[in-house]
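*Asks:* First the structure, which I've put down as structure tokens, then a few questions once you've had a look.
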2 protein chains.
Amino acid sequence: MIHTLQVTSEKFTYDVVTGRGAWGALRRFPLATYSSVFVLSEKPLWKRWGSTFLRESGLEPARPPAGILTRTVLVPSGEGSKAMRMVELVAGQLLKGGADRRSLLIVFGGGVIGDLGGFVASTYMRSIDYVQIPTTVVGQVDSAVGGKTAVNVGAMKNLVGTVYPPRLVAAEPRVLSSLSDRAFRSGLYEVVKHAILAGDPLFSQLEKSIDSLRPPNTRLLEPLLASAVAVKVDVVNRDEREANLRRVLNLGHTFGHAFEEATGYDRFLHGEAVGWGLLAAARLAEGLRLLAPGEGERIARLVRRVGPLPPIGDVPPAKVLKLLPQDKKAVGGNIRWVLPERIGKVRIVADVPMKEVAAALKAVTSDQ
Amino acid sequence: MIHTLQVTSEKFTYDVVTGRGAWGALRRFPLATYSSVFVLSEKPLWKRWGSTFLRESGLEPARPPAGILTRTVLVPSGEGSKAMRMVELVAGQLLKGGADRRSLLIVFGGGVIGDLGGFVASTYMRSIDYVQIPTTVVGQVDSAVGGKTAVNVGAMKNLVGTVYPPRLVAAEPRVLSSLSDRAFRSGLYEVVKHAILAGDPLFSQLEKSIDSLRPPNTRLLEPLLASAVAVKVDVVNRDEREANLRRVLNLGHTFGHAFEEATGYDRFLHGEAVGWGLLAAARLAEGLRLLAPGEGERIARLVRRVGPLPPIGDVPPAKVLKLLPQDKKAVGGNIRWVLPERIGKVRIVADVPMKEVAAALKAVTSDQ
């Protein structure tokens, strides 16, 4: 079953298509208005899914309108590709392949490819149109929607980026079947995040099915993906620039980013760090008496049931605390925390005493 | 005498202030709404003008609102700084200095600093506000207005960039007095370009005074600067995204960029390449019978009077021709030429036969 949601960005409206057959949405996309079509992807992923994608999207060599050829630009897998030198490299390849201002870039991959490709699209020749084809759980329910793009600078994740919406998002759940168990579960933490924001029925549906959600069977997950991406679409529609409302999507991410950075980005997958971040945010909310302990317990239980998280007990809390104020959401060094008030409602809280933050951190890192 | 023009961009309106005392415009700028203020500049320039600027703008340590300190980030002079690795470096320095999303970046310099700084501002933490303080002729009459930002990738100038308007442009002509004679004249070619677009009275005023326009005396130039920037402001107000009208500003630049690239960016200053580009565009327009020979002659005479241009006779026309179709304004390889119809009017022309282009190029490169 295919769901189509619409996102209204500042300049245009685009479709977010989810479900089996979503790639077919490109057949109704105005490809003929572009001078050329490029695909950005990563090698193993493209090898596994490229021909299926080209066939189902109607992009295979025989099909596109006259004069339009699809060329691929492949970058190595992994976070290392989310870097300025890769922007340079991809831009150079696009130029070499003849991409001009009327070319279309199809960004086929997970969070790294999505962020990198979106950034390239937003800056190549001062912007070209692009399409997001997310191939991970977090890409499909979150990062491919809304147009946030970024690359890392040194140890600072997402320091440089843009807000530049795609012309289409097409999320095909079958592609998730080839994810590793760990990568799949990592994305589920983001689904849990959306469920905390949305509340029931999504939260209780997740509680029912969480133990059975594993690749390669993606059937059970499919209806949940559509509900989870709807959370993101709803927030983005109300506030594209994150001036206020969009901030709620950072639930679990302030701690999460610090956990990733404190461990040199080589212990946690992003979603796993968010998993720990959700546990810490729930604890912090409890400590501040924003959240009833029963609700905090229900959140923690769901997070734990996603699967085993890499250990965090040896990460020095002082190191994590020191990394917090550099979070991008901080203004003037004062972090704006996104904290749950109950399942289905969060609040933005400034001026949280560092003592409370440290206590929540300690409770979570020592309780594993 | 201070002139203030207003540019209405998609999201807000900003002032373009020109004339002696223009830096004082920062005293009326809402600095107190920012968490911190950073200046990006280049070393020798900042050494010469930094303290004057800080004093006249009211930014010197004693003056800013409580809690706001001005920090400087200095990069080496020259085109080499317009690179991705410099974006990375400046972003890293901003982070280290504590810049957050509510920080302001003051971009103090010529075209390189302006393009680099604008790009950093448009992408640092997904955009922060910035102010342009142009310190070259071309910066003051052209590049600081309109929000086009860019960095080079490999040999390709401006391949990656954004359109991101500043919050204020303040152009103080006294700063031009310390330019080298060559750099000053290089900027005058852009003033000539604006005069071709605007026609009289600017064009004939330039004809009258061109031989006397030399640093360090900037008095004669001042009224012309205000008229020349008005051309840019007018075009930008009518078409921010260059979808159509803004293209006219590329008069002389299609050839100009190819001349720069063909000579490895080490023979011509940008304005000098534009000077040659204006001569070639006029010839091309004559060849296509768009432009009366008398008008072409008047344009050529004014360009020649700006001063001696570095030689171009040894640049192989075939090399230049090969570099043309990669121009960013090309769509599907078909260049859209901006050509003068008369002084005061240009036309966008597609489908110009390469034979005509080659003939114009040959006429200009062999006639020096």
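A note on labels: chains of the structure tokens are A, B, ... as shown, every chain counts residues from 1, and ligands are counted from 1 in their shown order.
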Within 8 Å of chain B, which residues of chain A show up when using only C-alpha atoms, listed as a PyMOL selection string?
*Replies:* chain A and resi 35+84-85+88+91-92+95+98+100-102+120+122-127+150+153-154+158-163+326+328-332
*Asks:* So that I can check the secondary structure, give me every residue of stretch 189-239 of chain B assigned alpha helix (DSSP H) by backbone DSSP, as a PyMOL selection string.
*Replies:* chain B and resi 189-198+202-209+222-238
*Asks:* Kindly export the residues of the current selection with N, CA and C atoms, as an mmCIF file, in the first residue's frame.
*Replies:*
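Output file out-v6.cif is given in full below:
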```cif
data_model
loop_
_atom_site.group_PDB
_atom_site.id
_atom_site.type_symbol
_atom_site.label_atom_id
_atom_site.label_comp_id
_atom_site.auth_asym_id
_atom_site.auth_seq_id
_atom_site.Cartn_x
_atom_site.Cartn_y
_atom_site.Cartn_z
ATOM 1 N N TYR B 189 36.590 48.013 -14.818
ATOM 2 C CA TYR B 189 35.968 47.300 -15.947
ATOM 3 C C TYR B 189 34.542 46.867 -15.594
ATOM 4 N N GLU B 190 34.345 46.552 -14.324
ATOM 5 C CA GLU B 190 32.985 46.184 -13.899
ATOM 6 C C GLU B 190 32.081 47.418 -13.870
ATOM 7 N N VAL B 191 32.679 48.570 -13.540
ATOM 8 C CA VAL B 191 31.899 49.806 -13.586
ATOM 9 C C VAL B 191 31.506 50.095 -15.038
ATOM 10 N N VAL B 192 32.439 49.859 -15.962
ATOM 11 C CA VAL B 192 32.130 50.026 -17.387
ATOM 12 C C VAL B 192 30.993 49.079 -17.785
ATOM 13 N N LYS B 193 31.055 47.852 -17.297
ATOM 14 C CA LYS B 193 29.981 46.893 -17.583
ATOM 15 C C LYS B 193 28.627 47.450 -17.137
ATOM 16 N N HIS B 194 28.586 47.966 -15.924
ATOM 17 C CA HIS B 194 27.331 48.532 -15.426
ATOM 18 C C HIS B 194 26.899 49.728 -16.266
ATOM 19 N N ALA B 195 27.884 50.491 -16.731
ATOM 20 C CA ALA B 195 27.550 51.665 -17.553
ATOM 21 C C ALA B 195 26.980 51.236 -18.908
ATOM 22 N N ILE B 196 27.469 50.114 -19.455
ATOM 23 C CA ILE B 196 26.902 49.613 -20.715
ATOM 24 C C ILE B 196 25.450 49.186 -20.478
ATOM 25 N N LEU B 197 25.205 48.560 -19.334
ATOM 26 C CA LEU B 197 23.841 48.141 -19.001
ATOM 27 C C LEU B 197 22.931 49.340 -18.775
ATOM 28 N N ALA B 198 23.460 50.358 -18.068
ATOM 29 C CA ALA B 198 22.624 51.489 -17.664
ATOM 30 C C ALA B 198 22.540 52.560 -18.745
ATOM 31 N N LEU B 202 25.405 57.556 -16.845
ATOM 32 C CA LEU B 202 26.597 56.925 -16.264
ATOM 33 C C LEU B 202 27.694 56.703 -17.305
ATOM 34 N N PHE B 203 27.307 56.230 -18.484
ATOM 35 C CA PHE B 203 28.311 55.920 -19.496
ATOM 36 C C PHE B 203 29.101 57.171 -19.897
ATOM 37 N N SER B 204 28.399 58.267 -20.151
ATOM 38 C CA SER B 204 29.116 59.478 -20.582
ATOM 39 C C SER B 204 29.882 60.125 -19.421
ATOM 40 N N GLN B 205 29.373 59.978 -18.207
ATOM 41 C CA GLN B 205 30.151 60.454 -17.043
ATOM 42 C C GLN B 205 31.481 59.710 -16.951
ATOM 43 N N LEU B 206 31.423 58.411 -17.184
ATOM 44 C CA LEU B 206 32.649 57.610 -17.157
ATOM 45 C C LEU B 206 33.591 58.050 -18.271
ATOM 46 N N GLU B 207 33.037 58.304 -19.445
ATOM 47 C CA GLU B 207 33.867 58.757 -20.573
ATOM 48 C C GLU B 207 34.604 60.050 -20.214
ATOM 49 N N LYS B 208 33.919 60.917 -19.469
ATOM 50 C CA LYS B 208 34.546 62.187 -19.094
ATOM 51 C C LYS B 208 35.682 62.005 -18.092
ATOM 52 N N SER B 209 35.465 61.130 -17.113
ATOM 53 C CA SER B 209 36.409 61.114 -15.993
ATOM 54 C C SER B 209 37.382 59.943 -15.986
ATOM 55 N N GLU B 222 33.547 58.546 -6.441
ATOM 56 C CA GLU B 222 32.451 58.315 -5.498
ATOM 57 C C GLU B 222 31.039 58.431 -6.078
ATOM 58 N N PRO B 223 30.737 59.521 -6.808
ATOM 59 C CA PRO B 223 29.375 59.590 -7.359
ATOM 60 C C PRO B 223 29.108 58.482 -8.390
ATOM 61 N N LEU B 224 30.162 58.046 -9.079
ATOM 62 C CA LEU B 224 29.990 56.985 -10.071
ATOM 63 C C LEU B 224 29.706 55.646 -9.394
ATOM 64 N N LEU B 225 30.349 55.411 -8.240
ATOM 65 C CA LEU B 225 30.120 54.173 -7.490
ATOM 66 C C LEU B 225 28.652 54.038 -7.119
ATOM 67 N N ALA B 226 28.086 55.142 -6.637
ATOM 68 C CA ALA B 226 26.684 55.101 -6.227
ATOM 69 C C ALA B 226 25.778 54.782 -7.418
ATOM 70 N N SER B 227 26.085 55.378 -8.588
ATOM 71 C CA SER B 227 25.268 55.087 -9.777
ATOM 72 C C SER B 227 25.475 53.656 -10.248
ATOM 73 N N ALA B 228 26.718 53.181 -10.133
ATOM 74 C CA ALA B 228 27.015 51.841 -10.631
ATOM 75 C C ALA B 228 26.370 50.768 -9.751
ATOM 76 N N VAL B 229 26.392 50.955 -8.446
ATOM 77 C CA VAL B 229 25.777 49.949 -7.583
ATOM 78 C C VAL B 229 24.257 49.974 -7.745
ATOM 79 N N ALA B 230 23.733 51.152 -8.111
ATOM 80 C CA ALA B 230 22.283 51.247 -8.325
ATOM 81 C C ALA B 230 21.839 50.318 -9.461
ATOM 82 N N VAL B 231 22.711 50.117 -10.453
ATOM 83 C CA VAL B 231 22.398 49.205 -11.560
ATOM 84 C C VAL B 231 22.208 47.798 -11.013
ATOM 85 N N LYS B 232 23.144 47.388 -10.156
ATOM 86 C CA LYS B 232 23.070 46.060 -9.572
ATOM 87 C C LYS B 232 21.839 45.916 -8.674
ATOM 88 N N VAL B 233 21.618 46.903 -7.834
ATOM 89 C CA VAL B 233 20.475 46.864 -6.911
ATOM 90 C C VAL B 233 19.170 46.740 -7.699
ATOM 91 N N ASP B 234 19.086 47.492 -8.777
ATOM 92 C CA ASP B 234 17.873 47.473 -9.589
ATOM 93 C C ASP B 234 17.620 46.080 -10.170
ATOM 94 N N VAL B 235 18.664 45.483 -10.707
ATOM 95 C CA VAL B 235 18.514 44.150 -11.308
ATOM 96 C C VAL B 235 18.157 43.120 -10.241
ATOM 97 N N VAL B 236 18.853 43.177 -9.110
ATOM 98 C CA VAL B 236 18.602 42.205 -8.043
ATOM 99 C C VAL B 236 17.183 42.352 -7.499
ATOM 100 N N ASN B 237 16.727 43.580 -7.380
ATOM 101 C CA ASN B 237 15.369 43.787 -6.886
ATOM 102 C C ASN B 237 14.326 43.184 -7.807
ATOM 103 N N ARG B 238 14.656 43.152 -9.081
ATOM 104 C CA ARG B 238 13.661 42.617 -10.003
ATOM 105 C C ARG B 238 13.757 41.110 -10.157
#
```
*Asks:* Skip A:Val131 itself and residues of its chain fewer than 6 positions away, then list as a VMD selection string all residues within 6 Å of it, counting only C-alpha atoms.
*Replies:* chain A and resid 106 to 107 166 to 169
*Asks:* Only N, CA and C atoms, please: the residues just picked out, written as a short mmCIF file (atom, residue, chain, number, x, y, z; two decimals), in the first residue's frame.
*Replies:*
```
data_model
loop_
_atom_site.label_atom_id
_atom_site.label_comp_id
_atom_site.auth_asym_id
_atom_site.auth_seq_id
_atom_site.Cartn_x
_atom_site.Cartn_y
_atom_site.Cartn_z
N ILE A 106 19.53 12.56 -8.21
CA ILE A 106 18.77 11.59 -7.42
C ILE A 106 19.69 11.05 -6.35
N VAL A 107 19.31 11.24 -5.11
CA VAL A 107 20.16 10.89 -3.98
C VAL A 107 19.66 9.57 -3.41
N PRO A 166 13.91 18.69 -1.13
CA PRO A 166 13.93 17.90 -2.36
C PRO A 166 12.63 18.12 -3.14
N ARG A 167 12.63 17.66 -4.38
CA ARG A 167 11.42 17.77 -5.21
C ARG A 167 10.51 16.56 -5.04
N LEU A 168 11.05 15.51 -4.43
CA LEU A 168 10.28 14.27 -4.22
C LEU A 168 11.05 13.41 -3.23
N VAL A 169 10.30 12.71 -2.36
CA VAL A 169 10.90 11.68 -1.52
C VAL A 169 10.14 10.39 -1.82
#
```
*Asks:* Find the spatial neighbours of A:Glu295, counting only C-alpha atoms, within a cut-off of 9 Å - ignore same-chain residues fewer than 3 positions away - and output them as a ChimeraX atom specification.
*Replies:* /A:282,291-292,298-300,341-343
*Asks:* Next, dump the selected residues to file, keeping only N, CA and C atoms, as a PDB file, in the first residue's frame.
*Replies:*
```
ATOM      1  N   ALA A 282      14.559  11.121  28.975  1.00  0.00           N
ATOM      2  CA  ALA A 282      13.441  10.715  29.826  1.00  0.00           C
ATOM      3  C   ALA A 282      13.827  10.850  31.305  1.00  0.00           C
ATOM      4  N   LEU A 291       8.010  14.847  33.868  1.00  0.00           N
ATOM      5  CA  LEU A 291       7.467  13.586  33.345  1.00  0.00           C
ATOM      6  C   LEU A 291       7.173  12.664  34.520  1.00  0.00           C
ATOM      7  N   ALA A 292       5.982  12.059  34.504  1.00  0.00           N
ATOM      8  CA  ALA A 292       5.633  11.098  35.559  1.00  0.00           C
ATOM      9  C   ALA A 292       6.519   9.864  35.418  1.00  0.00           C
ATOM     10  N   ARG A 298       7.791   3.595  30.826  1.00  0.00           N
ATOM     11  CA  ARG A 298       7.220   3.024  29.597  1.00  0.00           C
ATOM     12  C   ARG A 298       8.113   3.358  28.387  1.00  0.00           C
ATOM     13  N   ILE A 299       8.625   4.591  28.363  1.00  0.00           N
ATOM     14  CA  ILE A 299       9.553   4.988  27.290  1.00  0.00           C
ATOM     15  C   ILE A 299      10.816   4.127  27.344  1.00  0.00           C
ATOM     16  N   ALA A 300      11.399   4.035  28.540  1.00  0.00           N
ATOM     17  CA  ALA A 300      12.653   3.299  28.689  1.00  0.00           C
ATOM     18  C   ALA A 300      12.482   1.841  28.276  1.00  0.00           C
ATOM     19  N   GLU A 341       6.972  15.462  28.251  1.00  0.00           N
ATOM     20  CA  GLU A 341       6.082  15.742  29.390  1.00  0.00           C
ATOM     21  C   GLU A 341       5.216  14.522  29.659  1.00  0.00           C
ATOM     22  N   ARG A 342       4.850  13.894  28.541  1.00  0.00           N
ATOM     23  CA  ARG A 342       4.181  12.589  28.585  1.00  0.00           C
ATOM     24  C   ARG A 342       4.338  11.978  27.202  1.00  0.00           C
ATOM     25  N   ILE A 343       3.957  10.739  27.028  1.00  0.00           N
ATOM     26  CA  ILE A 343       4.038  10.122  25.710  1.00  0.00           C
ATOM     27  C   ILE A 343       3.026  10.828  24.813  1.00  0.00           C
TER      28      ILE A 343
END
```
*Asks:* Pick the closest to B:Ala22 from B:Val75, B:Ala171, B:Ile113, B:Leu284: which is it, counting only C-alpha atoms?
*Replies:*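 Result for the nearest residue to B:Ala22: B:Ala171.
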*Asks:* Between B:Ala183, B:Val248, B:Val16, B:Leu220, which one has atoms that come closest to B:Gly146, using only C-alpha atoms?
*Replies:*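 Looking at the shortest contact to B:Gly146, the residue is B:Val16.
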*Asks:* Near A:Gly252, counting only C-alpha atoms, which residues have an atom at most 10 Å away, once you skip same-chain residues fewer than 3 positions from it, shown as an NGL selection string?
*Replies:* :A and (189-190 or 193 or 248-249 or 255-257 or 271 or 273-282 or 337-340)
*Asks:* Could you write out, as a list in words, all the residues of stretch 131-285 of chain A that DSSP marks as strand (DSSP E)?
*Replies:*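 Selection result, strand (DSSP E) within stretch 131-285 of chain A: Val131, Gln132, Ile133, Pro134, Lys148, Thr149, Ala150, Val151, Asn152, Val153, Met156, Lys157, Asn158, Leu159, Val160, Gly161, Thr162, Val163, Leu168, Val169, Ala170 and Ala171 of chain A.
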*Asks:* Mind writing the picked residues with C-alpha atoms as an mmCIF file, in the first residue's frame?
*Replies:*
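File out.cif, as written:
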```
data_model
loop_
_atom_site.group_PDB
_atom_site.id
_atom_site.type_symbol
_atom_site.label_atom_id
_atom_site.label_comp_id
_atom_site.auth_asym_id
_atom_site.auth_seq_id
_atom_site.Cartn_x
_atom_site.Cartn_y
_atom_site.Cartn_z
ATOM 1 C CA VAL A 131 15.090 13.739 -5.256
ATOM 2 C CA GLN A 132 15.583 11.741 -2.073
ATOM 3 C CA ILE A 133 15.430 7.955 -2.248
ATOM 4 C CA PRO A 134 16.101 6.941 1.376
ATOM 5 C CA LYS A 148 18.123 19.517 6.074
ATOM 6 C CA THR A 149 21.499 18.809 4.524
ATOM 7 C CA ALA A 150 24.923 18.737 6.144
ATOM 8 C CA VAL A 151 28.523 17.674 6.173
ATOM 9 C CA ASN A 152 30.836 17.236 9.132
ATOM 10 C CA VAL A 153 33.837 19.460 9.834
ATOM 11 C CA MET A 156 31.841 18.492 14.574
ATOM 12 C CA LYS A 157 28.930 16.695 13.048
ATOM 13 C CA ASN A 158 26.745 18.663 10.648
ATOM 14 C CA LEU A 159 28.622 21.906 11.244
ATOM 15 C CA VAL A 160 28.110 23.048 7.666
ATOM 16 C CA GLY A 161 24.828 22.563 5.863
ATOM 17 C CA THR A 162 21.734 24.024 4.284
ATOM 18 C CA VAL A 163 17.970 23.764 4.404
ATOM 19 C CA LEU A 168 10.281 14.269 -4.224
ATOM 20 C CA VAL A 169 10.902 11.684 -1.515
ATOM 21 C CA ALA A 170 10.205 8.067 -2.462
ATOM 22 C CA ALA A 171 10.682 5.513 0.315
#
```
*Asks:* Counting only C-alpha atoms, figure out which residue out of A:Leu31, A:Val346, A:Val137, A:Ala363 gets nearest to A:Arg246.
*Replies:*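 Of the candidates, the smallest distance to A:Arg246 is held by A:Val346.
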*Asks:* By how many Å are atom CA of B:Ala285 and atom CA of B:Arg267 apart?
*Replies:*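 Distance between the two atoms: 25.9 Å.
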*Asks:* Name the residues in contact with A:Thr218 at a cut-off of 8 Å, using only C-alpha atoms, excluding same-chain residues fewer than 2 positions from it; report them as number ranges by chain.
*Replies:* A: 173-174, 176-177, 213-216, 220-222
*Asks:* Write to file, as a PDB file, in the first residue's frame, the residues of the selection just made, with C-alpha atoms.
*Replies:*
```
ATOM      1  CA  PRO A 173      10.432  -0.424   2.349  1.00  0.00           C
ATOM      2  CA  ARG A 174      11.722  -3.510   0.506  1.00  0.00           C
ATOM      3  CA  LEU A 176      15.322  -2.155   4.161  1.00  0.00           C
ATOM      4  CA  SER A 177      15.383  -5.944   3.914  1.00  0.00           C
ATOM      5  CA  LEU A 213      10.591  -6.052  13.737  1.00  0.00           C
ATOM      6  CA  ARG A 214      13.693  -7.499  12.122  1.00  0.00           C
ATOM      7  CA  PRO A 215      15.038  -7.710   8.603  1.00  0.00           C
ATOM      8  CA  PRO A 216      14.605  -9.197   6.085  1.00  0.00           C
ATOM      9  CA  LEU A 220       5.208  -5.616   9.914  1.00  0.00           C
ATOM     10  CA  LEU A 221       7.166  -2.391   9.796  1.00  0.00           C
ATOM     11  CA  GLU A 222       5.504  -0.935   6.730  1.00  0.00           C
TER      12      GLU A 222
END
```
*Asks:* When you draw a straight line from atom CA of B:Ala258 to atom CA of B:Gly110, how long is it in Å?
*Replies:* 21.3 Å
*Asks:* Could you tell me how far atom CA of B:Val90 sits from atom CA of B:Leu104, in Å to one decimal place?
*Replies:*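 Spanning atom CA of B:Leu104 to atom CA of B:Val90 is a straight-line distance of 13.8 Å.
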*Asks:* Please provide the set of residues having any atom within 10 Å of A:Gly307, restricted to only C-alpha atoms, with same-chain residues fewer than 6 positions apart removed, written as a VMD selection string.
*Replies:* chain A and resid 181 to 182 185 to 186 188 to 189 210 to 211 272
